[in-house]
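Next up, structure_14.csv (CSV, C-alpha atoms):
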chain,number,residue,atom,x,y,z
A,778,MET,CA,0.0,0.0,0.0
A,779,GLN,CA,1.3,3.4,-0.9
A,780,VAL,CA,0.1,6.5,0.9
A,781,PHE,CA,0.0,9.8,-1.0
A,782,GLY,CA,0.0,13.2,0.6
A,783,LEU,CA,2.1,12.5,3.7
A,784,PRO,CA,5.7,13.7,4.0
A,785,GLY,CA,8.3,10.9,3.5
A,786,HIS,CA,9.7,11.2,7.0
A,787,ILE,CA,6.3,10.4,8.6
A,788,ILE,CA,5.8,7.3,6.4
A,789,ARG,CA,9.4,6.1,7.2
A,790,ASN,CA,8.9,6.6,10.9
A,791,ALA,CA,5.6,4.9,10.9
A,792,GLY,CA,7.2,1.8,9.3
A,793,ARG,CA,9.9,1.8,12.0
A,794,ALA,CA,7.3,2.2,14.8
A,795,SER,CA,5.3,-0.8,13.5
A,796,ARG,CA,8.4,-2.9,13.4
A,797,LEU,CA,9.2,-1.9,17.0
A,798,LEU,CA,5.7,-2.7,18.2
A,799,GLY,CA,5.8,-6.1,16.5
A,800,ALA,CA,9.2,-7.0,18.0
A,801,LYS,CA,9.4,-9.4,20.9
A,802,THR,CA,11.4,-7.9,23.7
A,803,PRO,CA,13.2,-10.3,26.1
A,804,THR,CA,10.8,-9.4,29.0
A,805,ILE,CA,7.7,-9.9,26.9
A,806,GLU,CA,9.0,-13.2,25.5
A,807,ALA,CA,10.0,-14.4,29.0
A,808,GLY,CA,6.5,-13.6,30.3
A,809,ARG,CA,4.9,-15.5,27.4
A,810,ARG,CA,7.2,-18.5,28.2
A,811,ARG,CA,6.4,-18.4,31.9
A,812,ASP,CA,2.7,-18.3,31.0
A,813,ALA,CA,3.0,-21.4,28.7
A,814,VAL,CA,4.9,-23.3,31.4
A,815,ALA,CA,2.2,-22.4,34.0
A,816,ARG,CA,-0.6,-23.6,31.7
A,817,TRP,CA,1.4,-26.8,31.0
A,818,ARG,CA,1.9,-27.5,34.8
A,819,ARG,CA,-1.8,-26.7,35.4
A,820,ALA,CA,-2.9,-29.2,32.7
A,821,MET,CA,-0.7,-31.9,34.2
A,822,ARG,CA,-2.2,-31.2,37.7
A,823,ASP,CA,-5.6,-31.7,36.1
A,824,GLY,CA,-4.7,-35.3,35.1
A,825,LEU,CA,-3.0,-35.0,31.7
A,826,ASP,CA,0.4,-36.5,31.2
A,827,ALA,CA,3.3,-34.3,30.1
A,828,GLY,CA,2.9,-35.0,26.4
A,829,GLN,CA,-0.8,-34.4,26.3
A,830,ALA,CA,-0.4,-31.2,28.3
A,831,ALA,CA,2.3,-30.0,26.0
A,832,ARG,CA,0.0,-30.6,22.9
A,833,ALA,CA,-2.8,-28.8,24.7
A,834,VAL,CA,-0.5,-25.8,25.3
A,835,GLY,CA,0.8,-26.0,21.7
A,836,VAL,CA,4.5,-26.1,22.6
A,837,PRO,CA,6.8,-29.2,22.4
A,838,ARG,CA,7.5,-30.9,25.7
A,839,SER,CA,11.2,-30.5,25.4
A,840,THR,CA,10.8,-26.8,24.8
A,841,LEU,CA,8.6,-26.5,27.9
A,842,TYR,CA,11.2,-28.2,30.1
A,843,ARG,CA,13.9,-25.9,28.7
A,844,TRP,CA,11.7,-22.8,29.3
A,845,GLU,CA,11.0,-24.0,32.8
A,846,SER,CA,14.6,-23.9,33.7
A,847,ALA,CA,15.5,-20.7,31.9
A,848,PRO,CA,12.5,-18.5,30.7
A,849,GLU,CA,14.7,-15.6,29.6
A,850,PRO,CA,15.6,-15.9,25.9
A,851,LYS,CA,19.3,-16.3,25.2
A,852,SER,CA,21.1,-13.8,23.0
A,853,ARG,CA,21.5,-14.9,19.4
A,854,ARG,CA,24.6,-12.8,18.9
A,855,PRO,CA,27.5,-15.0,17.7
A,856,HIS,CA,30.3,-15.7,20.3
A,857,ARG,CA,32.9,-14.7,17.8
A,858,VAL,CA,32.2,-11.6,15.6
A,859,ARG,CA,34.2,-10.7,12.7
A,860,ALA,CA,37.1,-8.3,13.5
A,861,ASN,CA,37.7,-5.1,11.6
A,862,GLY,CA,39.8,-5.7,8.5
A,863,TRP,CA,41.7,-2.4,8.4
A,864,SER,CA,45.3,-2.0,9.6
A,865,PRO,CA,46.4,0.3,12.4
A,866,THR,CA,48.4,2.4,9.8
A,867,LEU,CA,45.2,3.0,7.8
A,868,ARG,CA,43.3,4.0,11.0
A,869,ALA,CA,46.1,6.3,12.0
A,870,GLU,CA,46.3,7.9,8.5
A,871,VAL,CA,42.5,8.5,8.4
A,872,GLU,CA,42.6,10.1,11.8
A,873,ARG,CA,45.6,12.2,10.9
A,874,LEU,CA,44.0,13.4,7.7
A,875,ARG,CA,40.7,14.2,9.4
A,876,LEU,CA,42.5,16.2,12.2
A,877,ASP,CA,44.4,18.1,9.5
A,878,PHE,CA,41.3,18.8,7.4
A,879,PRO,CA,38.3,18.8,9.8
A,880,PHE,CA,35.7,19.5,7.1
A,881,TRP,CA,36.6,16.5,5.0
A,882,ALA,CA,34.3,13.5,5.3
A,883,LYS,CA,34.5,10.0,4.0
A,884,ASP,CA,33.8,11.0,0.4
A,885,LYS,CA,36.7,13.4,0.3
A,886,LEU,CA,39.1,11.3,2.4
A,887,GLY,CA,38.5,8.1,0.4
A,888,PRO,CA,40.1,9.2,-2.9
A,889,VAL,CA,43.0,10.9,-1.0
A,890,LEU,CA,43.8,7.6,0.8
A,891,ARG,CA,43.5,5.6,-2.4
A,892,LYS,CA,46.1,8.0,-4.0
A,893,ALA,CA,48.3,7.4,-1.0
A,894,GLY,CA,48.3,3.7,-1.8
A,895,PHE,CA,45.6,2.3,0.6
A,896,ALA,CA,43.0,0.0,-0.9
A,897,VAL,CA,40.0,1.4,1.0
A,898,SER,CA,36.4,2.3,0.1
A,899,ASN,CA,34.6,5.4,1.2
A,900,ALA,CA,32.3,3.3,3.3
A,901,THR,CA,35.2,1.8,5.2
A,902,VAL,CA,36.6,5.3,5.8
A,903,GLY,CA,33.3,6.2,7.3
A,904,ARG,CA,33.4,3.2,9.6
A,905,ILE,CA,36.9,4.0,10.6
A,906,LEU,CA,35.9,7.7,11.3
A,907,LYS,CA,33.0,6.5,13.5
A,908,LYS,CA,35.2,5.4,16.4
A,909,PRO,CA,37.1,8.7,16.8
A,910,VAL,CA,33.9,10.6,16.6
A,911,GLU,CA,32.3,8.5,19.3
A,912,ARG,CA,35.4,9.0,21.5
A,913,GLY,CA,35.2,12.7,20.9
A,914,ARG,CA,38.7,12.9,19.4
A,915,VAL,CA,37.2,14.1,16.0
A,916,THR,CA,34.4,16.6,15.7
A,917,PRO,CA,31.6,15.6,13.3
A,918,VAL,CA,31.3,17.8,10.2
A,919,PRO,CA,27.7,18.9,10.9
A,920,GLU,CA,28.8,20.4,14.2
A,921,LEU,CA,31.6,22.3,12.5
A,922,ILE,CA,29.3,23.9,9.9
A,923,ARG,CA,27.7,26.9,11.4
A,924,LYS,CA,24.0,27.0,10.7
A,925,ALA,CA,23.5,30.0,8.5
A,926,GLY,CA,20.9,32.4,10.0
A,927,ARG,CA,17.7,32.8,8.2
A,928,LYS,CA,18.2,35.7,5.8
A,929,SER,CA,15.5,38.3,5.8
A,930,PRO,CA,14.4,39.6,2.4
A,931,PRO,CA,16.0,42.8,1.3
A,932,LYS,CA,14.2,45.9,2.5
A,933,THR,CA,12.0,47.1,-0.3
A,934,ARG,CA,10.5,50.6,-0.7
A,935,PRO,CA,7.0,50.8,0.7
A,936,HIS,CA,4.2,51.4,-1.8
A,937,ALA,CA,3.7,55.0,-0.9
A,938,ILE,CA,6.4,57.3,0.4
A,939,ARG,CA,5.5,60.3,2.6
A,940,LYS,CA,6.8,63.6,1.6
A,941,PRO,CA,9.1,65.3,4.1
A,942,LYS,CA,7.5,67.8,6.5
A,943,ASP,CA,9.4,70.7,5.2
A,944,VAL,CA,8.1,70.4,1.6
A,945,CYS,CA,5.5,73.1,0.8
A,946,PHE,CA,2.9,72.7,-1.8
A,947,GLU,CA,2.1,75.9,-3.6
A,948,LYS,CA,-0.8,75.1,-6.0
A,949,PRO,CA,-3.2,72.2,-6.4
A,950,GLY,CA,-1.8,69.3,-8.3
A,951,ASP,CA,1.7,69.4,-6.9
A,952,VAL,CA,1.4,66.0,-5.2
A,953,ILE,CA,-0.5,64.1,-7.9
A,954,GLN,CA,1.2,61.2,-9.6
A,955,ILE,CA,-0.4,59.3,-12.5
A,956,ASP,CA,0.7,55.9,-13.7
A,957,THR,CA,0.0,55.4,-17.4
A,958,LEU,CA,-0.4,52.2,-19.4
A,959,ALA,CA,-0.4,52.1,-23.2
A,960,LEU,CA,-2.7,49.6,-24.9
A,961,THR,CA,-2.8,48.7,-28.6
A,962,ILE,CA,-6.0,47.3,-29.8
A,963,ALA,CA,-6.1,45.4,-33.0
A,964,LEU,CA,-9.3,45.9,-34.9
A,965,ALA,CA,-10.6,43.1,-37.1
A,966,SER,CA,-11.4,44.2,-40.6
Translate this structure into structure tokens?
Amino acid sequence: MQVFGLPGHIIRNAGRASRLLGAKTPTIEAGRRRDAVARWRRAMRDGLDAGQAARAVGVPRSTLYRWESAPEPKSRRPHRVRANGWSPTLRAEVERLRLDFPFWAKDKLGPVLRKAGFAVSNATVGRILKKPVERGRVTPVPELIRKAGRKSPPKTRPHAIRKPKDVCFEKPGDVIQIDTLALTIALAS
């Protein structure tokens, strides 16, 4: 579905909000698991065996045993994440260039570094710059650019200008101004 008439940022933010509302946070998921285990235990107290109670709850029995011992969902983050592939010399060179030229961002630094012999993309330069910016060693470019004040339109002459007080009018018609307009009318013959 496409909505017409709303600004793009509202549509984008609405999409993000709907994804956030649909997300299962760890506390919500843990509550759901505790509820399923409680219903399973209640069904077993009412006379069902573990397998029948698990089918009634709609969750496999092995999963219910696991949830009973640890209802909090475990992190799915890998134990070993990929390390950065850039060298310390590249990182030092990016930081040095940025300190020398504070207004240069990744799109300007990337070609300069490639000319210097580093095989690096602009996106990698941006990722390298992210760390010093977070540490506060390098100032982000938007903070360096002074926001230009809103310029007021140039002062224009008002429609009618008052005559100075010291001007004297001697006869009628001294202060009359007439604008003229010439029209040429073509007559059909």
Residues at most 12 Å from Arg809 (chain A), counting all atoms listed in the file, excluding those fewer than 3 positions away in the same chain, as a PDB file with C-alpha atoms, keeping the file's coordinate frame?
ATOM      1  CA  LYS A 801       9.400  -9.400  20.900  1.00  0.00           C
ATOM      2  CA  THR A 802      11.400  -7.900  23.700  1.00  0.00           C
ATOM      3  CA  PRO A 803      13.200 -10.300  26.100  1.00  0.00           C
ATOM      4  CA  THR A 804      10.800  -9.400  29.000  1.00  0.00           C
ATOM      5  CA  ILE A 805       7.700  -9.900  26.900  1.00  0.00           C
ATOM      6  CA  GLU A 806       9.000 -13.200  25.500  1.00  0.00           C
ATOM      7  CA  ASP A 812       2.700 -18.300  31.000  1.00  0.00           C
ATOM      8  CA  ALA A 813       3.000 -21.400  28.700  1.00  0.00           C
ATOM      9  CA  VAL A 814       4.900 -23.300  31.400  1.00  0.00           C
ATOM     10  CA  ALA A 815       2.200 -22.400  34.000  1.00  0.00           C
ATOM     11  CA  ARG A 816      -0.600 -23.600  31.700  1.00  0.00           C
ATOM     12  CA  VAL A 834      -0.500 -25.800  25.300  1.00  0.00           C
ATOM     13  CA  VAL A 836       4.500 -26.100  22.600  1.00  0.00           C
ATOM     14  CA  LEU A 841       8.600 -26.500  27.900  1.00  0.00           C
ATOM     15  CA  TRP A 844      11.700 -22.800  29.300  1.00  0.00           C
ATOM     16  CA  GLU A 845      11.000 -24.000  32.800  1.00  0.00           C
ATOM     17  CA  PRO A 848      12.500 -18.500  30.700  1.00  0.00           C
ATOM     18  CA  GLU A 849      14.700 -15.600  29.600  1.00  0.00           C
ATOM     19  CA  PRO A 850      15.600 -15.900  25.900  1.00  0.00           C
TER      20      PRO A 850
END
I'd like the box whose edges run along x, y and z of the file and which contains every listed atom of region 938-952 of chain A, padded by 3 Å per side; could you state its centre and edge lengths in Å, one decimal, as JSON?
{"center_x": 3.1, "center_y": 66.6, "center_z": -0.9, "size_x": 18.6, "size_y": 24.6, "size_z": 20.8}
Around (33.5, 2.4, 11.3) in the file's frame, which residues reach within 12 Å when counting all atoms listed in the file? Return as a PDB file with C-alpha atoms, keeping the file's coordinate frame?
ATOM      1  CA  ALA A 860      37.100  -8.300  13.500  1.00  0.00           C
ATOM      2  CA  ASN A 861      37.700  -5.100  11.600  1.00  0.00           C
ATOM      3  CA  GLY A 862      39.800  -5.700   8.500  1.00  0.00           C
ATOM      4  CA  TRP A 863      41.700  -2.400   8.400  1.00  0.00           C
ATOM      5  CA  ARG A 868      43.300   4.000  11.000  1.00  0.00           C
ATOM      6  CA  VAL A 871      42.500   8.500   8.400  1.00  0.00           C
ATOM      7  CA  GLU A 872      42.600  10.100  11.800  1.00  0.00           C
ATOM      8  CA  LYS A 883      34.500  10.000   4.000  1.00  0.00           C
ATOM      9  CA  SER A 898      36.400   2.300   0.100  1.00  0.00           C
ATOM     10  CA  ASN A 899      34.600   5.400   1.200  1.00  0.00           C
ATOM     11  CA  ALA A 900      32.300   3.300   3.300  1.00  0.00           C
ATOM     12  CA  THR A 901      35.200   1.800   5.200  1.00  0.00           C
ATOM     13  CA  VAL A 902      36.600   5.300   5.800  1.00  0.00           C
ATOM     14  CA  GLY A 903      33.300   6.200   7.300  1.00  0.00           C
ATOM     15  CA  ARG A 904      33.400   3.200   9.600  1.00  0.00           C
ATOM     16  CA  ILE A 905      36.900   4.000  10.600  1.00  0.00           C
ATOM     17  CA  LEU A 906      35.900   7.700  11.300  1.00  0.00           C
ATOM     18  CA  LYS A 907      33.000   6.500  13.500  1.00  0.00           C
ATOM     19  CA  LYS A 908      35.200   5.400  16.400  1.00  0.00           C
ATOM     20  CA  PRO A 909      37.100   8.700  16.800  1.00  0.00           C
ATOM     21  CA  VAL A 910      33.900  10.600  16.600  1.00  0.00           C
ATOM     22  CA  GLU A 911      32.300   8.500  19.300  1.00  0.00           C
TER      23      GLU A 911
END
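Rounded to one decimal, CA of Ala896 (chain A) and CA of Pro865 (chain A) lie 13.7 Å from each other.
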Worksheet item: Could you state the separation of CA of Ala882 (chain A) and CA of Val918 (chain A) in Å, given to one decimal place?
Response: 7.2 Å
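The spacing separating CA of Arg811 (chain A) from CA of Pro855 (chain A) amounts to 25.7 Å.
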